[in-house]
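Please read the structure below before turning to the comments.
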Amino acid sequence: MKVFRIIYSVYAILVFFILMLGFGLFILVPSFFPPKGIKLSYRVIRLWARMWSMLVGIKFRCHGLEHVSLEQPYIYIFNHRSFLDAPAIPMSIPQEIKALGKKEIRNIPLFGWVISQYAVWVDRKNIRSREASLGRLVQFLQAGYSIVVAPEGTRNDTKEALLPFYNGAFRLAIETQTPVMCMAIINAAQIMPKKKLSLWPGTVDIYFSAPILPPANMGEEAVLNFKERCFNRLEAMILTHE
């Protein structure tokens with residue numbers, strides 16, 4: 001079984017990068033011609049993710065999309081346990097999005113280069129980098145894009161449902177009065193564990209719940225209380241569906 005898993009993993013990773021190589025220019029070039037070019041790029045990204053899913057036998061099932069209004073920008077927050085979150089996001093979110101990502105991801109060959117057009121890179125250890133990234137996210141929300149953030153800041157390999165959240169996404173939600181949409185990604189870590197390039201066919205389930213409206217007042221206590229509400233909602237979704 002171990003040999004078959006190695007063979008399958010090599011195959012799945014090769015297919016991922018071959019498809020990314022084939023679709024890369026069709027994703028990147030149109031993005032320089034907004035707004036229609038951006039829409040085309042997102043369609044190509046979703047096509048890439050669907051083709052990879054089909055060819056390697058990893059399915060992505062969405063639940064609760066009736067909670068998503070296509071006319072409303074959201075700040076999506078999700079539990080981050082696996083690299084499979086990368087295809088799960090475009091496969092499940094039916095909107096044009098920008099993602100907040102760690103600066104190390106842009107160093108991934110080819111993938112980082114292509115995704116850079118759709119990500120805001122941040123060095124969480126650098127306060128100036130955090131402030132600059134939040135400023136860019138405000139601009140994207142004002143332009144009508146939804147934002148995707150992993151509020152844990154890193155992939156979670158503990159037995160806990162979630163790691164403690166950073167404040168940034170929730171301060172941003174209150175500042176811009178943007179609803180938070182919780183997004184629970186289930187079973188991704190079983191198919192592709194953290195720190196391993198090992199995969200196996202299976203099904204990833206993505207659950208959405210009703211959006212959480214931010215409070216009107218801005219203050220440290222308001223941010224912490226809102227963060228706790230969102231943490232509790234996402235944690236409950238994970239524990240319910242795991």
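Chains: A, B, ... in order of the structure tokens. Residues: from 1 per chain. Ligands: from 1, in order shown.
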| Non-local contacts of Pro214 in chain A (8 Å; only C-alpha atoms; under 4 positions in same chain excluded) as a list in words | Ala173, Ile174, Gln177, Thr178, Pro179, Val180 and Phe226 of chain A
Output C-alpha atoms for every residue in the selection just made, as a tab-separated table (two decimals), in the first residue's frame.
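Result file result19.tsv:
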```
chain	number	residue	atom	x	y	z
A	173	ALA	CA	-14.27	43.31	8.76
A	174	ILE	CA	-15.28	45.93	11.32
A	177	GLN	CA	-18.32	46.63	7.58
A	178	THR	CA	-17.82	43.44	5.56
A	179	PRO	CA	-19.59	40.22	6.68
A	180	VAL	CA	-17.41	37.26	7.65
A	226	PHE	CA	-16.11	39.57	17.14
```
| field | Non-local contacts of Phe170 in chain A (12 Å; only C-alpha atoms; under 2 positions in same chain excluded) as a PyMOL selection string | value | chain A and resi 74-77+134+147+149-151+165-168+172-181+212-215+218-231
| query | Hey, what's within 12 Å of Gly153 in chain A if we count only C-alpha atoms and toss same-chain stuff fewer than 2 positions away? As a VMD selection string, please? | reply | chain A and resid 77 to 81 100 to 103 122 to 125 130 149 to 151 155 to 156 162 to 169
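Among the candidate residues A:Thr154, A:Glu96, A:Gly202, A:Arg61, the one lying nearest to Gly37 in chain A is A:Glu96, with distances computed using only C-alpha atoms.
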| task | Extract, using only C-alpha atoms, all DNA, RNA and protein residues at most 7 Å from His63 in chain A, discarding same-chain residues fewer than 4 positions from it, and format them as a ChimeraX atom specification. | result | /A:206-208
| Counting only C-alpha atoms, which of A:Ile108, A:Gln95, A:Val3, A:Pro34 gets nearest to Phe83 in chain A? | A:Ile108
